[in-house]
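Below is the file final-v8.txt, which contains compact mmCIF, C-alpha atoms and all ligand atoms.
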```txt
# COMPACT_ATOMS: atom_id res chain seq x y z
CA MET A 60 -6.59 3.09 -25.04
CA LYS A 61 -4.41 0.16 -23.88
CA ILE A 62 -1.57 0.92 -21.50
CA LEU A 63 1.20 -1.43 -20.43
CA GLY A 64 2.06 -0.75 -16.77
CA ILE A 65 5.36 -1.70 -15.14
CA GLU A 66 5.93 -1.70 -11.37
CA THR A 67 9.21 -2.54 -9.60
CA SER A 68 9.33 -0.09 -6.67
CA CYS A 69 9.96 -2.66 -3.93
CA ASP A 70 9.87 -6.46 -3.97
CA GLU A 71 7.14 -7.18 -6.51
CA THR A 72 7.98 -7.35 -10.21
CA ALA A 73 4.72 -6.57 -11.98
CA ALA A 74 3.38 -5.87 -15.46
CA ALA A 75 -0.22 -5.35 -16.54
CA ILE A 76 -2.32 -4.14 -19.42
CA VAL A 77 -5.32 -1.95 -18.67
CA LYS A 78 -7.84 -0.62 -21.16
CA ASP A 79 -9.20 2.90 -20.63
CA GLY A 80 -7.98 3.04 -17.06
CA ARG A 81 -10.53 0.58 -15.67
CA GLN A 82 -10.58 -2.72 -17.55
CA VAL A 83 -7.76 -5.06 -16.53
CA LEU A 84 -6.76 -7.17 -19.54
CA SER A 85 -3.92 -8.84 -17.65
CA SER A 86 -2.04 -8.39 -14.38
CA GLN A 87 1.10 -10.40 -13.64
CA ILE A 88 2.85 -10.14 -10.29
CA PHE A 89 6.01 -11.93 -9.28
CA SER A 90 6.52 -11.57 -5.54
CA GLN A 91 10.06 -11.84 -4.19
CA THR A 92 8.83 -12.20 -0.59
CA PHE A 93 9.91 -15.83 -0.32
CA LYS A 94 13.51 -14.73 -1.06
CA HIS A 95 13.61 -11.87 1.45
CA GLN A 96 11.78 -13.70 4.24
CA LYS A 97 14.83 -15.31 5.78
CA TRP A 98 16.35 -11.86 6.43
CA GLY A 99 13.11 -10.53 7.92
CA GLY A 100 12.88 -7.68 5.41
CA VAL A 101 13.68 -6.59 1.87
CA ILE A 102 17.37 -6.58 0.92
CA PRO A 103 17.54 -3.79 -1.71
CA GLU A 104 20.52 -5.23 -3.56
CA PHE A 105 18.82 -8.62 -4.02
CA ALA A 106 15.54 -6.98 -4.94
CA SER A 107 17.01 -5.05 -7.88
CA ARG A 108 18.90 -8.07 -9.15
CA MET A 109 15.78 -10.22 -9.03
CA HIS A 110 13.75 -7.55 -10.87
CA LEU A 111 16.42 -7.51 -13.55
CA GLU A 112 16.29 -11.28 -13.99
CA ILE A 113 12.52 -11.61 -14.27
CA ILE A 114 11.11 -8.36 -15.65
CA HIS A 115 11.12 -9.24 -19.34
CA GLU A 116 9.42 -12.57 -18.64
CA ILE A 117 6.70 -10.85 -16.59
CA ILE A 118 6.07 -8.25 -19.32
CA HIS A 119 5.92 -11.03 -21.89
CA GLN A 120 3.38 -12.91 -19.74
CA ALA A 121 1.22 -9.78 -19.39
CA LEU A 122 1.13 -9.30 -23.17
CA GLU A 123 0.43 -12.98 -23.77
CA LYS A 124 -2.43 -13.11 -21.24
CA ALA A 125 -4.02 -10.05 -22.85
CA ASN A 126 -3.44 -11.59 -26.27
CA LEU A 127 -1.63 -8.46 -27.47
CA ASN A 128 1.77 -7.54 -28.86
CA PHE A 129 3.82 -4.37 -28.38
CA GLN A 130 2.45 -2.82 -31.59
CA GLN A 131 -1.07 -2.95 -30.15
CA ILE A 132 -0.13 -1.06 -26.96
CA ASP A 133 -0.73 2.71 -26.92
CA ALA A 134 1.59 3.77 -24.11
CA ILE A 135 4.00 2.43 -21.50
CA ALA A 136 3.50 3.51 -17.87
CA VAL A 137 6.10 2.95 -15.20
CA THR A 138 6.56 3.69 -11.50
CA GLN A 139 9.09 6.50 -11.15
CA GLY A 140 9.05 6.65 -7.31
CA PRO A 141 8.96 6.57 -4.37
CA GLY A 142 10.62 3.25 -3.59
CA LEU A 143 13.97 1.50 -3.56
CA MET A 144 16.31 3.28 -5.96
CA GLY A 145 17.86 0.20 -7.57
CA SER A 146 14.47 -1.52 -7.95
CA LEU A 147 12.88 1.58 -9.48
CA MET A 148 15.76 1.96 -11.92
CA VAL A 149 15.19 -1.52 -13.35
CA GLY A 150 11.54 -0.81 -14.22
CA LEU A 151 12.22 2.72 -15.43
CA ASN A 152 15.08 1.74 -17.71
CA VAL A 153 13.21 -1.21 -19.17
CA ALA A 154 10.21 1.06 -19.81
CA LYS A 155 12.44 3.69 -21.49
CA LEU A 156 14.04 1.06 -23.65
CA LEU A 157 10.72 -0.47 -24.74
CA ALA A 158 9.24 2.99 -25.39
CA TRP A 159 12.23 3.82 -27.57
CA ILE A 160 12.28 0.53 -29.49
CA TYR A 161 8.52 0.48 -30.16
CA ARG A 162 8.08 4.28 -30.41
CA LYS A 163 5.53 4.48 -27.59
CA THR A 164 4.61 7.30 -25.25
CA LEU A 165 6.35 6.88 -21.90
CA ILE A 166 4.31 7.88 -18.84
CA PRO A 167 6.00 8.07 -15.41
CA VAL A 168 3.71 7.42 -12.45
CA ASN A 169 3.94 8.31 -8.76
CA HIS A 170 3.54 4.98 -6.94
CA LEU A 171 1.26 6.49 -4.27
CA TYR A 172 -1.07 8.01 -6.84
CA GLY A 173 -1.04 4.54 -8.44
CA HIS A 174 -2.36 3.02 -5.19
CA VAL A 175 -5.26 5.51 -5.22
CA CYS A 176 -6.06 4.53 -8.82
CA ALA A 177 -6.31 0.83 -7.86
CA ASN A 178 -9.86 1.83 -6.92
CA PHE A 179 -10.73 2.67 -10.53
CA LEU A 180 -9.98 -0.88 -11.68
CA GLY A 181 -13.22 -2.64 -12.51
CA THR A 182 -15.35 0.15 -10.99
CA GLN A 183 -17.12 3.35 -12.01
CA LEU A 184 -15.67 5.35 -9.10
CA GLU A 185 -15.15 9.05 -9.84
CA PRO A 186 -13.55 11.89 -7.86
CA PRO A 187 -13.92 13.95 -5.76
CA PHE A 188 -13.25 11.73 -2.76
CA ILE A 189 -11.07 11.34 0.31
CA CYS A 190 -8.58 8.51 0.13
CA LEU A 191 -6.84 6.96 3.07
CA LEU A 192 -3.65 5.47 1.69
CA ALA A 193 -1.76 3.11 3.99
CA SER A 194 1.20 1.20 2.65
CA GLY A 195 4.52 -0.10 3.95
CA GLY A 196 6.29 3.24 3.65
CA HIS A 197 3.48 5.83 3.70
CA THR A 198 0.27 6.73 5.49
CA GLN A 199 -1.52 9.65 3.89
CA LEU A 200 -4.92 11.21 3.90
CA ILE A 201 -5.52 12.46 0.37
CA HIS A 202 -8.17 14.68 -1.16
CA LEU A 203 -8.54 13.68 -4.80
CA GLN A 204 -10.35 16.73 -6.11
CA ASN A 205 -10.12 15.65 -9.70
CA TYR A 206 -8.50 12.73 -11.52
CA CYS A 207 -5.22 14.58 -11.76
CA ASP A 208 -5.43 16.78 -8.69
CA MET A 209 -4.17 15.07 -5.54
CA LYS A 210 -3.93 17.15 -2.36
CA ILE A 211 -2.20 15.62 0.67
CA LEU A 212 -4.17 16.55 3.80
CA GLY A 213 -1.96 14.75 6.30
CA SER A 214 0.77 12.13 6.61
CA SER A 215 2.44 9.93 9.16
CA LEU A 216 4.89 11.87 11.32
CA ASP A 217 6.94 8.75 12.06
CA ASP A 218 6.27 5.08 11.21
CA ALA A 219 3.81 4.35 8.43
CA ALA A 220 0.93 2.05 9.40
CA GLY A 221 2.41 -0.85 7.39
CA GLU A 222 5.80 -0.29 8.98
CA ALA A 223 4.23 -0.42 12.46
CA PHE A 224 2.44 -3.66 11.53
CA ASP A 225 5.70 -5.17 10.28
CA LYS A 226 7.70 -4.12 13.35
CA VAL A 227 5.11 -5.35 15.87
CA ALA A 228 4.75 -8.60 13.92
CA ARG A 229 8.49 -9.03 14.31
CA LEU A 230 8.16 -8.64 18.09
CA MET A 231 5.64 -11.48 17.85
CA GLN A 232 8.09 -13.60 15.85
CA LEU A 233 5.84 -13.60 12.80
CA LYS A 234 7.42 -13.89 9.40
CA TYR A 235 7.94 -11.01 6.96
CA PRO A 236 5.86 -9.21 5.74
CA GLY A 237 4.22 -9.11 9.13
CA GLY A 238 0.99 -7.23 8.32
CA PRO A 239 -0.98 -10.13 6.83
CA GLU A 240 0.38 -12.56 9.47
CA LEU A 241 -0.58 -10.27 12.34
CA ASP A 242 -4.01 -9.75 10.78
CA ALA A 243 -4.54 -13.52 10.55
CA LEU A 244 -3.59 -13.90 14.21
CA ALA A 245 -5.89 -11.04 15.26
CA GLN A 246 -8.78 -12.65 13.42
CA THR A 247 -8.59 -15.67 15.74
CA VAL A 248 -9.75 -13.36 18.55
CA THR A 249 -13.48 -13.02 18.07
CA ASN A 250 -14.75 -11.59 21.35
CA LYS A 251 -14.14 -8.15 22.77
CA GLU A 252 -10.79 -9.05 24.29
CA ALA A 253 -9.04 -6.05 22.85
CA SER A 254 -9.58 -2.34 22.68
CA CYS A 255 -7.89 1.07 22.56
CA GLU A 256 -7.75 4.02 24.84
CA ILE A 257 -6.31 7.49 24.71
CA GLU A 258 -3.87 7.57 27.62
CA SER A 259 -1.85 4.50 28.44
CA ILE A 260 -1.28 0.78 28.19
CA SER A 261 -3.29 -1.29 30.59
CA ILE A 262 -4.41 -4.82 31.10
CA VAL A 263 -7.93 -4.96 32.56
CA ASN A 264 -9.66 -8.30 33.07
CA GLY A 265 -7.50 -9.93 30.40
CA GLN A 266 -8.14 -7.09 27.94
CA TYR A 267 -5.24 -5.31 26.34
CA LYS A 268 -5.55 -1.61 25.70
CA PHE A 269 -3.09 0.53 23.82
CA PRO A 270 -2.87 4.28 23.37
CA ILE A 271 -3.94 6.20 20.27
CA ALA A 272 -1.63 9.14 19.56
CA GLN A 273 -3.27 12.54 19.56
CA THR A 274 -1.83 14.40 16.58
CA GLN A 275 -2.52 17.77 15.00
CA ASN A 276 -4.73 18.23 11.96
CA TYR A 277 -4.78 15.18 9.70
CA ASP A 278 -1.38 13.74 10.61
CA PHE A 279 -0.81 10.28 12.03
CA SER A 280 1.71 8.80 14.45
CA PHE A 281 2.21 5.10 15.11
CA SER A 282 5.61 4.86 16.71
CA GLY A 283 4.22 5.37 20.26
CA LEU A 284 1.78 2.52 19.72
CA LYS A 285 4.57 0.29 18.46
CA THR A 286 6.70 1.16 21.50
CA SER A 287 3.77 0.35 23.80
CA VAL A 288 3.73 -3.19 22.45
CA LEU A 289 7.47 -3.43 23.09
CA ARG A 290 6.98 -2.17 26.68
CA LEU A 291 4.20 -4.69 27.20
CA LYS A 292 6.49 -7.45 25.98
CA GLU A 293 9.14 -6.37 28.49
CA LYS A 294 6.53 -6.27 31.25
CA LEU A 295 4.96 -9.65 30.51
CA GLY A 296 8.13 -11.49 29.57
CA GLU A 297 8.70 -13.45 26.36
CA GLU A 298 6.68 -16.54 27.32
CA ILE A 299 3.45 -14.85 28.43
CA PHE A 300 3.73 -12.31 25.62
CA MET A 301 3.86 -15.16 23.09
CA GLN A 302 0.94 -16.95 24.77
CA GLU A 303 -1.12 -13.78 24.67
CA ARG A 304 0.00 -12.52 21.28
CA SER A 305 -3.31 -13.05 19.44
CA LYS A 306 -5.14 -10.78 21.90
CA ILE A 307 -2.32 -8.26 21.78
CA ALA A 308 -2.33 -8.37 17.97
CA LYS A 309 -6.06 -7.70 17.99
CA ALA A 310 -5.74 -4.73 20.37
CA PHE A 311 -2.88 -3.25 18.36
CA GLN A 312 -4.73 -3.71 15.05
CA GLU A 313 -7.92 -2.15 16.43
CA CYS A 314 -5.93 0.89 17.59
CA ILE A 315 -4.42 1.41 14.16
CA ALA A 316 -7.87 1.03 12.62
CA TYR A 317 -9.44 3.58 15.01
CA SER A 318 -6.63 6.02 14.51
CA LEU A 319 -7.05 5.87 10.71
CA LEU A 320 -10.81 6.10 11.08
CA ASN A 321 -10.72 9.15 13.38
CA LYS A 322 -8.72 11.27 10.96
CA THR A 323 -10.78 10.15 7.99
CA LEU A 324 -14.02 11.00 9.82
CA LYS A 325 -12.59 14.42 10.67
CA ALA A 326 -11.61 15.06 7.02
CA SER A 327 -14.97 13.84 5.77
CA ARG A 328 -16.78 16.17 8.15
CA GLU A 329 -14.60 19.21 7.60
CA LEU A 330 -14.43 18.91 3.82
CA GLY A 331 -18.09 17.93 3.54
CA LEU A 332 -17.19 14.88 1.44
CA SER A 333 -18.90 11.57 2.08
CA LYS A 334 -17.17 9.46 -0.57
CA ILE A 335 -14.30 7.58 1.12
CA VAL A 336 -11.74 5.32 -0.52
CA LEU A 337 -9.04 3.05 0.96
CA ALA A 338 -5.76 2.23 -0.75
CA GLY A 339 -2.41 0.51 -0.22
CA GLY A 340 -1.28 -2.82 1.21
CA VAL A 341 -2.72 -2.09 4.66
CA ALA A 342 -6.17 -1.58 3.08
CA ALA A 343 -6.29 -5.40 3.00
CA ASN A 344 -6.51 -5.45 6.80
CA SER A 345 -9.69 -7.07 8.13
CA SER A 346 -10.29 -4.69 11.08
CA ILE A 347 -9.70 -1.60 8.97
CA ARG A 348 -12.03 -2.76 6.19
CA ALA A 349 -14.75 -3.70 8.70
CA LEU A 350 -14.48 -0.47 10.70
CA PHE A 351 -14.60 1.75 7.61
CA GLN A 352 -17.56 -0.18 6.23
CA GLU A 353 -19.40 0.29 9.54
CA ASN A 354 -18.72 4.02 9.65
CA PHE A 355 -19.12 5.19 6.07
CA GLU A 356 -22.01 4.51 3.74
CA ASN A 357 -20.21 5.64 0.62
CA ILE A 358 -17.06 3.55 1.01
CA PHE A 359 -14.87 2.04 -1.72
CA LEU A 360 -12.38 -0.68 -0.89
CA PRO A 361 -9.90 -1.90 -3.50
CA SER A 362 -10.18 -5.62 -4.22
CA LEU A 363 -7.60 -7.59 -2.22
CA GLU A 364 -5.78 -8.35 -5.45
CA PHE A 365 -5.08 -4.64 -6.02
CA CYS A 366 -4.35 -3.46 -2.44
CA GLY A 367 -0.70 -4.47 -2.57
CA ASP A 368 1.80 -3.52 -5.24
CA ASN A 369 0.68 -4.31 -8.79
CA ALA A 370 1.11 -2.82 -12.24
CA ALA A 371 -2.57 -2.50 -13.18
CA MET A 372 -2.88 0.48 -10.81
CA ILE A 373 0.14 2.08 -12.54
CA ALA A 374 -1.44 1.68 -15.98
CA SER A 375 -4.71 3.10 -14.63
CA ALA A 376 -2.91 6.10 -13.11
CA ALA A 377 -1.22 6.82 -16.44
CA TYR A 378 -4.60 6.85 -18.16
CA PHE A 379 -6.26 9.19 -15.66
CA CYS A 380 -3.31 11.55 -15.24
CA PRO A 381 -1.11 11.23 -18.33
CA GLN A 382 2.00 13.35 -18.02
CA PRO A 383 4.35 11.93 -20.65
CA GLY A 384 8.07 11.93 -19.95
CA ASP A 385 11.19 11.54 -22.05
CA TYR A 386 14.33 9.43 -21.87
CA SER A 387 15.96 11.76 -19.38
CA LEU A 388 13.49 10.71 -16.63
CA GLU A 389 15.11 9.71 -13.36
CA ALA A 390 13.75 7.58 -10.54
CA PHE A 391 13.11 9.20 -7.14
CA ALA A 392 13.34 7.28 -3.89
CA ARG A 393 11.41 9.63 -1.63
CA PHE A 394 7.88 11.00 -1.91
CA GLN A 395 7.46 14.07 -4.10
CA ASN A 396 4.19 15.94 -3.96
CA SER A 397 3.82 16.80 -7.64
O1 LIG B 401 1.28 -0.99 -0.58
P1 LIG B 401 2.18 -2.11 -0.25
O2 LIG B 401 1.94 -3.45 -0.89
O3 LIG B 401 3.68 -1.75 -0.54
C1 LIG B 401 4.19 -0.48 -0.34
O4 LIG B 401 4.03 0.37 -1.25
O5 LIG B 401 4.76 -0.28 0.77
O6 LIG B 401 2.12 -2.27 1.34
C2 LIG B 401 2.86 -3.23 2.01
C3 LIG B 401 2.50 -3.16 3.48
C4 LIG B 401 3.37 -4.04 4.36
O7 LIG B 401 3.79 -3.27 5.46
C5 LIG B 401 2.44 -5.16 4.77
O8 LIG B 401 2.74 -5.73 6.01
C6 LIG B 401 1.11 -4.43 4.81
O9 LIG B 401 1.14 -3.60 3.67
N1 LIG B 401 -0.05 -5.33 4.76
C7 LIG B 401 -0.94 -5.45 5.76
C8 LIG B 401 -1.87 -6.44 5.35
N2 LIG B 401 -1.53 -6.85 4.10
C9 LIG B 401 -0.41 -6.16 3.75
N3 LIG B 401 -1.01 -4.83 6.96
C10 LIG B 401 -2.03 -5.17 7.76
N4 LIG B 401 -2.95 -6.11 7.45
C11 LIG B 401 -2.92 -6.77 6.27
N5 LIG B 401 -3.85 -7.67 5.98
ZN ZN B 402 2.93 0.19 -2.73
```
Could you write out this file's structure as C-alpha cells?
Amino acid sequence: MKILGIETSCDETAAAIVKDGRQVLSSQIFSQTFKHQKWGGVIPEFASRMHLEIIHEIIHQALEKANLNFQQIDAIAVTQGPGLMGSLMVGLNVAKLLAWIYRKTLIPVNHLYGHVCANFLGTQLEPPFICLLASGGHTQLIHLQNYCDMKILGSSLDDAAGEAFDKVARLMQLKYPGGPELDALAQTVTNKEASCEIESISIVNGQYKFPIAQTQNYDFSFSGLKTSVLRLKEKLGEEIFMQERSKIAKAFQECIAYSLLNKTLKASRELGLSKIVLAGGVAANSSIRALFQENFENIFLPSLEFCGDNAAMIASAAYFCPQPGDYSLEAFARFQNS
C-alpha cells in the first residue's frame, strides 16, 4: 500500500510517499526557517502563505522521486493538528482537493502520533513500547500499547522541551530555531564542566549547575530551568554570560536530558516495559541521545532525518492507524487525545 503524506503544521512544507508504513519511497521537505529567522520565530501569517505557494511543487517532487503518479497512490494522509491553524488548513485543503479529484481515501493524522511513527520508517520496530516525544510545542511520555492505541502518561505542565531550548538559545543570542544551535555549542564542552542538581543554581569551581523540577507522576516542567538561566545571566552580566555560554548551554542541556530520562526510567520500571523510543525534533539532541543510549538497552532513536517535521511519518501513521475522514474534516490547533 502506497500512501502520499502531506505535512504543513508549522514551518516545513513536506510531502512523502511511504510503502506499507515503513519503506520511504520519497520524502521532500521545504524548510521555511531561513525566512522566519530574522524575526526570531515563526510568523504564522507568512508560514501559511509560503505553504500555499510551494505545496503543489513539493507534492509533485515527491511523486517524481518515487516515480509514481496520483493513480498509483492508494491513499492521501495529511496532518490535521495540532499546529498553526493557517498552516494546517493549507495542507488539509490541498489533501481534500486531491482526494476528491483522484477519488482517493483521505486519512487525517495527529501530528504527535506521526512523530511516534517516524520510528517505524526503515525499521521493524513493533509496539508495545514507551515513547518520549519532545518537540517544539509538546513534551509527552506515551505508552503505545498497540499500533493504534496511544496512551498519554504525562505531559509538560508549562514549556515544552523544544520551547525551553529555543528560549534559552535566544538568551544566548543564537539564531532561530535555537535547539540545534544550542546543542552545537554544548558539544564544544567536552569535560565535566556542567551538571544538574535538584535544589538551586550554583557555580562551583567553574561548573554550572541548574535545578531539575520535581513534578508529580510522569509530568515535566521546564520553565523553572529556563528562568534559572535568565537569573544566571542577570547575575553574571551580559559579557561574562556570553563568554561562558558554551558551559551554560551544556549544563542546561544535561538537565533537560536528565529530566526526560528520569521520567522515562520511572515509566519503564512501573509499566515493566523495556522497549524505549524517542521522537520529535528534540530527539536529535546529542546529550539526550547519548544519555538514553547509556541507560536503556532496548532503545530506538529515529534517524536525524525523521526527528523533525516531515511527511513520511504522516504517511506511516496513516498506514498503522487508518481512520479515514471525509471532506468535512477540520484542522485543530491544539492537542486532542483521540
Ligand atoms: O518536532 P519538531 O521539528 O517540530 C514541532 O512539532 O514542534 O521540533 C522542533 C523543536 C524546536 O524547538 C527545535 O529547537 C528543537 O526541536 N530541536 C532541538 C534540536 N533539533 C531540533 N532541540 C535540541 N537539540 C537539537 N539538536
Ligand atoms: Zn513536529
Practice problem: Just give me the gap between atom CA of A:Pro270 and atom CA of A:Lys322 in Å, one decimal is fine. | Solution: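 A separation of 15.4 Å between them.
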How close does each residue of stretch 159-252 of chain A get to stretch 277-288 of chain A, giving the shortest atom pair and distance in Å to one decimal for every residue with an atom at most 6 Å away, counting all atoms listed in the file, sorted by chain and residue number, as a Markdown table?
```
| residue | atom | partner | partner_atom | distance |
| --- | --- | --- | --- | --- |
| A:Gly213 | CA | A:Tyr277 | CA | 4.4 |
| A:Ser214 | CA | A:Asp278 | CA | 4.8 |
| A:Ser215 | CA | A:Phe279 | CA | 4.3 |
| A:Leu216 | CA | A:Ser280 | CA | 5.4 |
| A:Asp217 | CA | A:Ser280 | CA | 5.8 |
| A:Asp218 | CA | A:Ser282 | CA | 5.5 |
```
Can you write out as JSON lines which residues of stretch 157-266 of chain A fall within 12 Å of stretch 87-106 of chain A, alongside each residue's closest atom pair and its distance in Å to one decimal, counting only C-alpha atoms and ordering rows by chain and ascending residue number?
```
{"residue": "A:Gly195", "atom": "CA", "partner": "A:Gly100", "partner_atom": "CA", "distance": 11.4}
{"residue": "A:Glu222", "atom": "CA", "partner": "A:Gly100", "partner_atom": "CA", "distance": 10.8}
{"residue": "A:Asp225", "atom": "CA", "partner": "A:Gly100", "partner_atom": "CA", "distance": 9.0}
{"residue": "A:Lys226", "atom": "CA", "partner": "A:Gly99", "partner_atom": "CA", "distance": 10.0}
{"residue": "A:Ala228", "atom": "CA", "partner": "A:Gly99", "partner_atom": "CA", "distance": 10.5}
{"residue": "A:Arg229", "atom": "CA", "partner": "A:Gly99", "partner_atom": "CA", "distance": 8.0}
{"residue": "A:Leu230", "atom": "CA", "partner": "A:Gly99", "partner_atom": "CA", "distance": 11.5}
{"residue": "A:Gln232", "atom": "CA", "partner": "A:Gly99", "partner_atom": "CA", "distance": 9.9}
{"residue": "A:Leu233", "atom": "CA", "partner": "A:Gly99", "partner_atom": "CA", "distance": 9.3}
{"residue": "A:Lys234", "atom": "CA", "partner": "A:Gln96", "partner_atom": "CA", "distance": 6.8}
{"residue": "A:Tyr235", "atom": "CA", "partner": "A:Gly99", "partner_atom": "CA", "distance": 5.3}
{"residue": "A:Pro236", "atom": "CA", "partner": "A:Gly100", "partner_atom": "CA", "distance": 7.2}
{"residue": "A:Gly237", "atom": "CA", "partner": "A:Gly99", "partner_atom": "CA", "distance": 9.1}
```
Quiz prompt | Given 12 Å and all atoms listed in the file, residues near ligand ZN 402 (chain B) as a PyMOL selection string | solution = chain A and resi 66-73+138+140-143+169-177+192-198+219+221+338-342+365-370+372-373+394
Practice problem: For the point (-11.4, 16.8, -3.0) in the file's frame, write as a PyMOL selection string all residues with an atom no more than 7 Å away, counting only C-alpha atoms. | Solution: chain A and resi 187-189+202-205
Exercise. Mind checking which residues fall within 10 Å of stretch 310-312 of chain A, counting all atoms listed in the file, ignoring those fewer than 6 positions away in the same chain, and posting them as a count of residues only?
Key: 31
Exercise. Between A:Lys78, A:Lys306, A:His110, A:His119, single out the one closest to A:Leu151, counting all atoms listed in the file.
Key: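 Distance minimum relative to A:Leu151 lands on A:His110.
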Quiz prompt | Top pick for closest residue to ligand LIG 401 (chain B), considering A:Leu111, A:Arg348, A:Leu330, A:Glu185 and counting only C-alpha atoms and all ligand atoms | solution = A:Arg348
